[in-house]
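Have a look at the structure below, then the notes.
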Amino acid sequence: MPQRGGITLSILLVAVGLAACESPSRVTSPPPPVGGGSAGLFASTALGDPFANLTAAELALFTSGKAEFEAVESVDEGLGPVFNEASCATCHNGPMGGTTGRKETRFGRIVSGAFDPMTELGGSLIQDHGIGLATTPAGTYTFTGEVVPPEATVSAGRITTPLFGLGLVDAVPDQELLQLARLEAATSPATAGTPSMTTEIRSGQTRVGRFGWKAQVPTLHQFSGDAYLNEMGITNPDFPNENCPQGDCSLLAYNPQPHLNDDGTGVTEFTDFMTLLAPPPRGELSVQVLAGSGVFAAIGCANCHTPALVTGASPVAALSRKVFQPFSDFLLHDMGSLGDGIAQGSATRRQMRTAPLWGVRSRALLLHDGRATSLDAAILAHDGQGARARDRFLRLSPRDRFALRQFLNSL
């Protein structure tokens with residue numbers, strides 16, 4: 001990994017933005033695009049494409065994974081008995097690997113000040129589809145989608161996230177994110193992020209989470225297995241137990257496919273697709289864009305939306321020791337009223353993972369629940385640790401605000 005004086009290159013890059021945030025009057029541009037920039041490593045790719053420099057074998061893995069990603073699963077293949085969609089592409093097709101804005105629901109209740117996910121009633125994630133009529137030796141039952149029970153006091157919507165460039169995110173060493181958290185704590189404590197410490201199921205090790213709105217998942221492979229179970233109802237080696245419909249496990253007696261549904265092949269292919277899916281290409285760099293990057297840093301956005309990270313060693317050359325620009329630290333931040341009210345993993349009800357901004361210009365819906373349909377609206381909804389940057393945005397001159405929009409629309 002590139003280092004200078006024992007500090008990784010990504011830490012040096014983000015320090016530019018952090019230093020500028022401490023002095024709002026200064027407009028200091030973060031580093032020019034590298035890796036994901038319009039003149040960088042991934043320049044020849046478009047949204048939905050694989051990395052441009054894959055080997056033939058890697059490209060074959062991507063193609064096979066994409067076919068699995070687009071496949072529509074059936075009950076005979078283990079779909080259900082409750083699920084959200086029958087295909088990964090249903091939620092991630094805008095373009096392929098993006099997001100359709102499909103919103104899912106989580107719920108729970110507050111008991112003695114603590115969050116209860118209400119697993120006994122099917123929480124915290126709703127599976128809003130059912131496979132319908134099922135006849136088994138146990139009898140006949142009609143599976144329908146779950147609903148938020150009346151006992152719930154918290155309900156939150158979450159839109160599906162884009163998958164572009166996640167192989168790079170997966171390849172960032174845990175130590176890199178932990179070091180970034182320490183730097184934030186030392187340099188900008190008011191907005192410092194917290195690592196989401198999670199368990200990697202395959203190894204049993206504690207890892208830094210980075211995927212999901214609460215950074216509750218540590219690896220792409222685990223993200224895939226989680227999606228197979230919780231989105232399509234397909235069990236797999238990491239997630240061998242079916243979801244009990246609305247929390248009633250007795251109904252699994254009517255499951256027409258009670259055996260292990262996926263031996264891991266589908267999960268691995270899905271992981272291959274995401275690993276090799278290129279990041280969003282950067283838009284045109286103009287004088288206004290460069291000025292806007294300085295505004296972005298100066299008002300505090302770069303405190304959490306880290307401009308650049310560095311991957312570790314990888315057997316895939318396209319991912320190995322690369323600088324890339326996701327504009328996220330992948331850490332948890334207290335977002336105040338913008339938190340979704342759901343505690344998950346190590347994340348509190350108010351904490352959310354910093355949303356990566358690369359590709360933001362292609363999204364119609366912003367924030368975790370899709371409430372914002374413009375960049376201005378998304379910024380103005382920031383609260384908690386994001387409140388100071390929001391307030392600085394409100395005080396920007398029309399010229400600086402325009403430059404900031406130009407910069408964000410280049411990502």
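Going by the structure tokens order, chains are called A, B, ..., each with residues numbered from 1, while ligands are numbered from 1 in the order shown.
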Based on DSSP run over this structure's backbone, return all residues of segment 85-262 of chain A in strand (DSSP E or B), as a PyMOL selection string. chain A and resi 93+96+103-111+114-116+125+129-130+132-136+139-143+154-159+194+196-199+206-209+211+217+236+239
Find the residues around Met96 of chain A up to 10 Å (only C-alpha atoms counted), leave out those fewer than 3 positions away in its own chain, and share them as a PyMOL selection string. chain A and resi 47-49+66+69-70+88-93+99-100+162-164+277
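Restricting the calculation to only C-alpha atoms, the smallest distance between Asp170 of chain A and any of A:Leu290, A:Leu59, A:Leu366, A:Leu276 is found for A:Leu276.
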All helix (DSSP H, G or I) residues (DSSP, backbone) inside segment 216-293 of chain A, as an MDAnalysis selection string: chainID A and resid 220:232 245:247 249:254 265:276 287:293
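Ranking A:Ser362, A:Thr271, A:Ser320, A:Thr311 by their shortest atom-to-atom distance to Gly65 of chain A, with only C-alpha atoms included, puts A:Thr271 first.
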Find the residues around Leu166 of chain A up to 12 Å (only C-alpha atoms counted), leave out those fewer than 3 positions away in its own chain, and share them as a PyMOL selection string. chain A and resi 50-51+97-98+161-163+169-172+210-212+218-221+223-224+271-280+311+319+324-326+330+356+358
Distance criterion (only C-alpha atoms): nearest to Asp128 of chain A out of A:Glu85, A:Asp376, A:Asp76, A:Asp174: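 Of A:Glu85, A:Asp376, A:Asp76, A:Asp174, the one nearest Asp128 of chain A, counting only C-alpha atoms, is A:Glu85.
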Quick one: everything within 6 Å of segment 109-123 of chain A, counting only C-alpha atoms, minus sequence neighbours fewer than 3 positions away in the same chain. Send it as a VMD selection string. chain A and resid 152 to 154 246 to 247
Next, dump the selected residues to file, keeping only N, CA and C atoms, as a compact mmCIF listing (two decimals), in the first residue's frame.
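New file selection-v6.txt:
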# COMPACT_ATOMS: atom_id res chain seq x y z
N ALA A 152 -45.70 -2.41 16.82
CA ALA A 152 -44.48 -1.67 16.49
C ALA A 152 -44.66 -0.18 16.76
N THR A 153 -43.61 0.44 17.25
CA THR A 153 -43.63 1.89 17.48
C THR A 153 -42.64 2.62 16.58
N VAL A 154 -41.80 1.86 15.86
CA VAL A 154 -40.83 2.43 14.94
C VAL A 154 -40.97 1.73 13.60
N GLN A 246 -43.80 -13.67 9.41
CA GLN A 246 -44.35 -12.83 10.47
C GLN A 246 -43.94 -13.34 11.85
N GLY A 247 -42.79 -14.02 11.90
CA GLY A 247 -42.26 -14.52 13.16
C GLY A 247 -42.83 -15.84 13.62
Which residue out of A:Gly294, A:Glu269, A:Gly167, A:Ala313 has the minimum interatomic distance to Ala60 of chain A when only C-alpha atoms are used?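 Closest candidate: A:Glu269.
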Selection: 8 Å around segment 343-352 of chain A, only C-alpha atoms, excl. self and same-chain fewer than 3 positions, as a list in words: Phe115, Pro117, Ser196, Met197, Thr198, Trp213, Lys214, Ala215, Gln216, Leu332, His333, Asp334, Met335, Gly336, Ser337, Leu338, Gly339 and Asp340 of chain A
Name all residues at most 9 Å from segment 140-146 of chain A (count only C-alpha atoms; drop same-chain ones fewer than 6 positions away) and give them as a PyMOL selection string. chain A and resi 80-84+122+126-134+245-246+251+254-255
For segment 389-391 of chain A, find every residue with an atom within 6 Å (counting only C-alpha atoms), except residues of its own chain fewer than 4 positions away, and show them as an MDAnalysis selection string. chainID A and resid 299:300 379:380
Residues of the last selection are to be written out with C-alpha atoms, as a PDB file, in the first residue's frame.
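File written: part-v7.pdb
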ATOM      1  CA  ILE A 299     -18.069  23.573   4.568  1.00  0.00           C
ATOM      2  CA  GLY A 300     -17.350  20.201   6.138  1.00  0.00           C
ATOM      3  CA  ILE A 379     -28.052  18.423   2.261  1.00  0.00           C
ATOM      4  CA  LEU A 380     -30.780  20.325   4.125  1.00  0.00           C
TER       5      LEU A 380
END
Length of the atom CA of His305 of chain A to atom CA of Thr354 of chain A vector [Å]: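 According to the coordinates, atom CA of His305 of chain A and atom CA of Thr354 of chain A are separated by 6.6 Å.
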Could you check the closest approach to Glu104 of chain A for each of A:Pro256, A:Pro137, A:Gly157, A:Gly292 and tell me which residue wins, using only C-alpha atoms?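 Of A:Pro256, A:Pro137, A:Gly157, A:Gly292, the one nearest Glu104 of chain A is A:Gly157, counting only C-alpha atoms.
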